[in-house]
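To be precise, the following lines are query11.tsv, and they hold TSV, C-alpha atoms.
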```tsv
chain	number	residue	atom	x	y	z
A	192	MET	CA	-167.07	-102.12	-71.45
A	193	ALA	CA	-164.71	-104.54	-69.69
A	194	PRO	CA	-161.41	-105.47	-71.37
A	195	PRO	CA	-161.35	-108.88	-73.00
A	196	GLU	CA	-160.34	-111.70	-70.71
A	197	ARG	CA	-156.99	-113.32	-71.33
A	198	SER	CA	-157.04	-117.03	-72.03
A	199	SER	CA	-155.05	-119.42	-69.89
A	200	GLN	CA	-152.35	-119.45	-72.57
A	201	GLY	CA	-151.98	-115.67	-72.38
A	202	TRP	CA	-153.31	-114.81	-75.83
A	203	GLU	CA	-156.53	-112.87	-76.20
A	204	ASP	CA	-158.53	-114.78	-78.79
A	205	GLU	CA	-160.31	-111.52	-79.64
A	206	LEU	CA	-157.01	-110.26	-81.07
A	207	THR	CA	-157.01	-113.09	-83.60
A	208	ASP	CA	-159.73	-111.41	-85.66
A	209	SER	CA	-157.76	-108.14	-85.60
A	210	PHE	CA	-154.60	-109.99	-86.63
A	211	MET	CA	-156.41	-111.66	-89.54
A	212	ALA	CA	-157.87	-108.29	-90.59
A	213	GLY	CA	-154.38	-106.82	-90.92
A	214	ASP	CA	-154.23	-104.75	-87.73
A	215	HIS	CA	-150.57	-103.91	-87.07
A	216	ALA	CA	-151.29	-103.54	-83.34
A	217	ALA	CA	-152.46	-107.16	-83.27
A	218	LEU	CA	-149.26	-108.22	-85.07
A	219	ALA	CA	-147.23	-106.35	-82.45
A	220	ALA	CA	-149.22	-108.04	-79.67
A	221	ALA	CA	-148.66	-111.46	-81.27
A	222	TYR	CA	-144.95	-110.74	-81.56
A	223	ARG	CA	-144.71	-109.68	-77.89
A	224	GLU	CA	-146.64	-112.74	-76.80
A	225	PHE	CA	-145.09	-115.46	-78.97
A	226	SER	CA	-141.61	-114.32	-80.00
A	227	PRO	CA	-139.97	-115.68	-76.81
A	228	LEU	CA	-141.45	-119.13	-77.49
A	229	VAL	CA	-140.53	-119.00	-81.19
A	230	HIS	CA	-136.98	-117.91	-80.37
A	231	THR	CA	-136.58	-120.69	-77.78
A	232	LEU	CA	-137.79	-123.36	-80.20
A	233	ALA	CA	-135.49	-122.06	-82.94
A	234	LEU	CA	-132.49	-121.81	-80.62
A	235	ARG	CA	-132.97	-125.38	-79.37
A	236	SER	CA	-133.18	-126.74	-82.90
A	237	LEU	CA	-130.62	-124.57	-84.67
A	238	GLN	CA	-128.11	-124.27	-81.81
A	239	ASP	CA	-127.15	-120.78	-83.02
A	240	ARG	CA	-128.39	-117.52	-81.50
A	241	SER	CA	-128.11	-115.52	-84.72
A	242	ALA	CA	-129.95	-118.19	-86.71
A	243	ALA	CA	-132.65	-118.32	-84.02
A	244	GLU	CA	-133.12	-114.55	-84.28
A	245	ASP	CA	-133.39	-114.82	-88.06
A	246	ALA	CA	-135.88	-117.67	-87.69
A	247	THR	CA	-138.00	-115.65	-85.25
A	248	GLN	CA	-138.18	-112.75	-87.66
A	249	GLU	CA	-139.01	-115.06	-90.57
A	250	VAL	CA	-141.83	-116.73	-88.59
A	251	PHE	CA	-143.63	-113.44	-88.04
A	252	ILE	CA	-143.05	-112.30	-91.61
A	253	ARG	CA	-144.60	-115.54	-92.86
A	254	ALA	CA	-147.44	-115.35	-90.35
A	255	TRP	CA	-148.26	-111.80	-91.43
A	256	ARG	CA	-148.06	-112.54	-95.15
A	257	SER	CA	-150.13	-115.73	-94.91
A	258	ARG	CA	-152.64	-114.56	-92.28
A	259	ALA	CA	-155.47	-114.98	-94.81
A	260	THR	CA	-154.81	-118.74	-94.80
A	261	PHE	CA	-155.22	-119.05	-91.03
A	262	ARG	CA	-158.36	-120.95	-90.04
A	263	PRO	CA	-159.32	-120.26	-86.39
A	264	GLN	CA	-161.87	-123.05	-86.46
A	265	LEU	CA	-159.01	-125.54	-86.92
A	266	ALA	CA	-156.49	-124.17	-84.40
A	267	ARG	CA	-155.75	-121.20	-82.22
A	268	LEU	CA	-153.28	-118.60	-83.43
A	269	PRO	CA	-150.52	-119.75	-81.03
A	270	ALA	CA	-150.65	-123.29	-82.46
A	271	TRP	CA	-150.58	-121.92	-86.00
A	272	ILE	CA	-147.51	-119.81	-85.22
A	273	VAL	CA	-145.76	-122.84	-83.69
A	274	GLY	CA	-146.50	-124.73	-86.93
A	275	ILE	CA	-144.94	-121.92	-88.95
A	276	THR	CA	-141.97	-122.01	-86.58
A	277	ARG	CA	-141.42	-125.71	-87.28
A	278	ASN	CA	-141.54	-125.06	-91.02
A	279	VAL	CA	-139.05	-122.18	-90.78
A	280	ILE	CA	-136.67	-124.28	-88.68
A	281	SER	CA	-136.94	-127.15	-91.16
A	282	ASP	CA	-136.31	-124.79	-94.07
A	283	MET	CA	-133.26	-123.31	-92.35
A	284	GLN	CA	-131.88	-126.76	-91.61
A	285	SER	CA	-132.43	-127.76	-95.23
A	286	ALA	CA	-130.61	-124.62	-96.34
A	287	TYR	CA	-127.76	-125.58	-94.01
A	288	VAL	CA	-127.62	-129.03	-95.61
A	289	ARG	CA	-127.58	-127.50	-99.11
A	290	GLU	CA	-124.81	-125.05	-98.17
A	291	SER	CA	-122.81	-127.86	-96.58
A	292	LYS	CA	-123.18	-129.93	-99.76
A	293	LYS	CA	-122.08	-126.99	-101.90
A	294	ALA	CA	-119.06	-126.42	-99.69
A	295	LEU	CA	-118.17	-130.12	-99.82
A	296	ALA	CA	-118.62	-130.20	-103.59
A	297	ALA	CA	-116.51	-127.08	-104.06
A	298	ALA	CA	-113.85	-128.45	-101.74
A	299	GLY	CA	-114.02	-131.84	-103.43
A	300	ALA	CA	-113.52	-130.22	-106.82
A	301	GLY	CA	-110.21	-128.90	-105.58
A	302	VAL	CA	-109.03	-132.33	-104.46
A	303	GLY	CA	-108.16	-133.46	-107.97
A	304	SER	CA	-106.88	-130.16	-109.34
A	305	GLU	CA	-103.22	-129.92	-110.17
A	306	SER	CA	-103.02	-126.28	-109.10
A	307	GLY	CA	-104.63	-126.97	-105.72
A	308	ASP	CA	-102.58	-126.97	-102.58
A	309	SER	CA	-101.96	-130.57	-101.54
A	310	GLU	CA	-102.34	-129.70	-97.87
A	311	VAL	CA	-105.78	-128.17	-98.51
A	312	ALA	CA	-106.73	-131.19	-100.62
A	313	ALA	CA	-105.73	-133.51	-97.80
A	314	ASP	CA	-107.83	-131.49	-95.34
A	315	VAL	CA	-110.82	-131.62	-97.67
A	316	LEU	CA	-110.44	-135.35	-98.13
A	317	ALA	CA	-110.11	-135.82	-94.37
A	318	ASP	CA	-113.27	-133.76	-93.81
A	319	ARG	CA	-115.13	-135.81	-96.40
A	320	LEU	CA	-114.04	-139.07	-94.80
A	321	LEU	CA	-114.98	-137.76	-91.36
A	322	LEU	CA	-118.44	-136.78	-92.61
A	323	ASP	CA	-118.91	-140.13	-94.34
A	324	GLY	CA	-117.95	-141.91	-91.12
A	325	GLU	CA	-120.35	-139.82	-89.07
A	326	LEU	CA	-123.17	-140.49	-91.53
A	327	ASP	CA	-122.49	-144.22	-91.26
A	328	ARG	CA	-122.54	-143.98	-87.44
A	329	LEU	CA	-126.02	-142.45	-87.51
A	330	GLY	CA	-127.54	-145.81	-88.36
A	331	GLU	CA	-130.60	-146.41	-90.48
A	332	PRO	CA	-132.67	-144.79	-91.80
A	333	GLN	CA	-130.97	-141.55	-90.65
A	334	GLY	CA	-127.70	-142.22	-92.51
A	335	SER	CA	-129.49	-143.02	-95.76
A	336	ILE	CA	-131.76	-139.99	-95.42
A	337	LEU	CA	-128.86	-137.58	-94.94
A	338	LYS	CA	-126.81	-139.20	-97.71
A	339	LEU	CA	-129.74	-138.70	-100.08
A	340	ALA	CA	-130.00	-135.09	-98.94
A	341	PHE	CA	-126.23	-134.39	-98.98
A	342	TYR	CA	-124.98	-136.34	-101.96
A	343	ASP	CA	-128.03	-136.79	-104.19
A	344	ASP	CA	-129.46	-133.31	-103.45
A	345	LEU	CA	-132.98	-134.69	-102.94
A	346	THR	CA	-135.73	-132.66	-101.29
A	347	HIS	CA	-137.56	-133.89	-98.21
A	348	GLU	CA	-140.49	-134.93	-100.38
A	349	GLN	CA	-138.26	-136.85	-102.81
A	350	ILE	CA	-136.54	-138.67	-99.94
A	351	SER	CA	-139.95	-139.50	-98.45
A	352	ARG	CA	-141.08	-141.06	-101.73
A	353	LYS	CA	-137.80	-142.84	-102.41
A	354	LEU	CA	-137.62	-144.47	-98.96
A	355	ASP	CA	-141.39	-144.85	-98.59
A	356	LEU	CA	-141.39	-142.95	-95.30
A	357	PRO	CA	-143.86	-140.30	-94.12
A	358	LEU	CA	-142.67	-136.75	-94.88
A	359	GLY	CA	-142.84	-135.77	-91.21
A	360	THR	CA	-140.63	-138.72	-90.29
A	361	VAL	CA	-138.04	-137.69	-92.88
A	362	LYS	CA	-138.03	-134.10	-91.62
A	363	SER	CA	-137.71	-135.27	-88.00
A	364	HIS	CA	-134.82	-137.60	-88.85
A	365	ILE	CA	-133.03	-134.82	-90.72
A	366	ARG	CA	-133.52	-132.32	-87.89
A	367	ARG	CA	-132.32	-134.71	-85.18
A	368	SER	CA	-129.48	-136.06	-87.32
A	369	LEU	CA	-128.18	-132.59	-88.17
A	370	THR	CA	-128.22	-131.63	-84.50
A	371	HIS	CA	-126.38	-134.86	-83.66
A	372	LEU	CA	-123.85	-134.34	-86.46
A	373	ARG	CA	-123.24	-130.74	-85.42
A	374	ARG	CA	-122.48	-131.84	-81.85
A	375	ARG	CA	-120.22	-134.68	-82.96
A	376	LEU	CA	-118.31	-132.53	-85.46
A	377	GLU	CA	-117.94	-129.67	-82.97
A	378	ALA	CA	-116.60	-132.13	-80.40
A	379	ASP	CA	-114.18	-133.53	-82.98
A	380	LEU	CA	-112.98	-130.06	-83.93
A	381	ALA	CA	-112.55	-129.12	-80.27
A	382	THR	CA	-110.27	-132.10	-79.68
A	383	SER	CA	-108.16	-131.53	-82.78
```
Translate this structure into structure tokens?
Amino acid sequence: MAPPERSSQGWEDELTDSFMAGDHAALAAAYREFSPLVHTLALRSLQDRSAAEDATQEVFIRAWRSRATFRPQLARLPAWIVGITRNVISDMQSAYVRESKKALAAAGAGVGSESGDSEVAADVLADRLLLDGELDRLGEPQGSILKLAFYDDLTHEQISRKLDLPLGTVKSHIRRSLTHLRRRLEADLATS
């Protein structure tokens, strides 16, 4: 019997059935085949090698755990894995936004405290003003979307409903805006 032919994309579609059936060898083959692509997509979006490695691992964990939901009649396995990758990246960016908000809130709480160091309070206030200025520079609707995410702690779905924008548009604006903000803030920190 001849070995299965490889498709033009490099993935043997015959392995998809094995993957869906829970064959660990098929999972290993999928990881070997797609992890470089997943890692590249994550690295481009997250701009952090460690985060990209975490994202890559999370993609394959999610793919393995949710393999029963995969429908090969709708898409090939590579496309499904890329979709999971986009969701993982979006989730990680949302987590970054939440952590940034928590840090700002914690730092802002210290601004008014009598026992707080006035120099630290001034730095926190300066950071807050810098962030507010950068959010304003993003323009619309990006600035409003991130303000709702940062300050009002709204989910992507809530922002989508509130601004009457498609969910995918909100997620795209957040992803691009966070990347833009990261670059601008890193450039600002490098010059100070």
Inset, instruction - Rank nothing, just name the residue among A:Leu232, A:Ile365, A:Ala220, A:Leu326 nearest to Gln284 in chain A, using all atoms listed in the file. - result: A:Ile365
Legend entry - Spatial neighbours of Val288 in chain A, max dist 12 Å, all atoms listed in the file, sep filter under 6 positions, as a PyMOL selection string: chain A and resi 281-282+294-295+336-347+365-366+368-370+372-373
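With only C-alpha atoms as the atoms that count, the residue of A:Met283, A:Leu356, A:Val229, A:Ala270 with the shortest distance to Thr247 in chain A is A:Val229.
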Legend entry - Nearest to His230 in chain A, chosen from A:Glu348, A:Glu325, A:Asp214, A:Glu249, with only C-alpha atoms counted in the distances: A:Glu249
Inset, instruction - Just give me the gap between CA of Gly213 in chain A and CA of Ser257 in chain A in Å, one decimal is fine. - result: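 About the pair CA of Gly213 in chain A and CA of Ser257 in chain A: they are 10.6 Å apart.
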Inset, instruction - Between CA of Glu205 in chain A and CA of Ala233 in chain A, measure the distance and give it in Å to one decimal. - result: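 Value for the CA of Glu205 in chain A-CA of Ala233 in chain A distance: 27.2 Å.
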Inset, instruction - For CA of Gly330 in chain A and CA of Pro357 in chain A, quote the distance in Å rounded to one decimal. - result: 18.2 Å
Legend entry - Counting only C-alpha atoms, the option among A:Ser236, A:Ser285, A:Pro227, A:Met211 closest to Arg256 in chain A: A:Met211
Please return range 201-216 of chain A, rebuilt to N, CA and C atoms, as a compact mmCIF listing (two decimals), keeping the file's coordinate frame.
```
# COMPACT_ATOMS: atom_id res chain seq x y z
N GLY A 201 -152.50 -117.01 -72.31
CA GLY A 201 -151.98 -115.67 -72.38
C GLY A 201 -152.40 -114.88 -73.61
N TRP A 202 -152.93 -115.50 -74.59
CA TRP A 202 -153.31 -114.81 -75.83
C TRP A 202 -154.79 -114.49 -75.79
N GLU A 203 -155.13 -113.28 -76.14
CA GLU A 203 -156.53 -112.87 -76.20
C GLU A 203 -157.08 -113.30 -77.55
N ASP A 204 -157.99 -114.26 -77.53
CA ASP A 204 -158.53 -114.78 -78.79
C ASP A 204 -159.21 -113.67 -79.60
N GLU A 205 -159.68 -112.63 -78.93
CA GLU A 205 -160.31 -111.52 -79.64
C GLU A 205 -159.32 -110.82 -80.57
N LEU A 206 -158.03 -110.88 -80.23
CA LEU A 206 -157.01 -110.26 -81.07
C LEU A 206 -156.79 -111.03 -82.38
N THR A 207 -157.20 -112.28 -82.40
CA THR A 207 -157.01 -113.09 -83.60
C THR A 207 -157.74 -112.48 -84.78
N ASP A 208 -158.97 -112.04 -84.57
CA ASP A 208 -159.73 -111.41 -85.66
C ASP A 208 -159.02 -110.15 -86.15
N SER A 209 -158.50 -109.35 -85.23
CA SER A 209 -157.76 -108.14 -85.60
C SER A 209 -156.50 -108.49 -86.39
N PHE A 210 -155.81 -109.54 -85.94
CA PHE A 210 -154.60 -109.99 -86.63
C PHE A 210 -154.95 -110.39 -88.07
N MET A 211 -156.01 -111.18 -88.20
CA MET A 211 -156.41 -111.66 -89.54
C MET A 211 -156.87 -110.51 -90.43
N ALA A 212 -157.39 -109.45 -89.82
CA ALA A 212 -157.87 -108.29 -90.59
C ALA A 212 -156.73 -107.37 -90.98
N GLY A 213 -155.52 -107.63 -90.51
CA GLY A 213 -154.38 -106.82 -90.92
C GLY A 213 -154.05 -105.68 -89.97
N ASP A 214 -154.50 -105.78 -88.73
CA ASP A 214 -154.23 -104.75 -87.73
C ASP A 214 -152.78 -104.90 -87.24
N HIS A 215 -151.98 -103.86 -87.48
CA HIS A 215 -150.57 -103.91 -87.07
C HIS A 215 -150.41 -104.01 -85.56
N ALA A 216 -151.36 -103.43 -84.80
CA ALA A 216 -151.29 -103.54 -83.34
C ALA A 216 -151.45 -104.99 -82.90
```
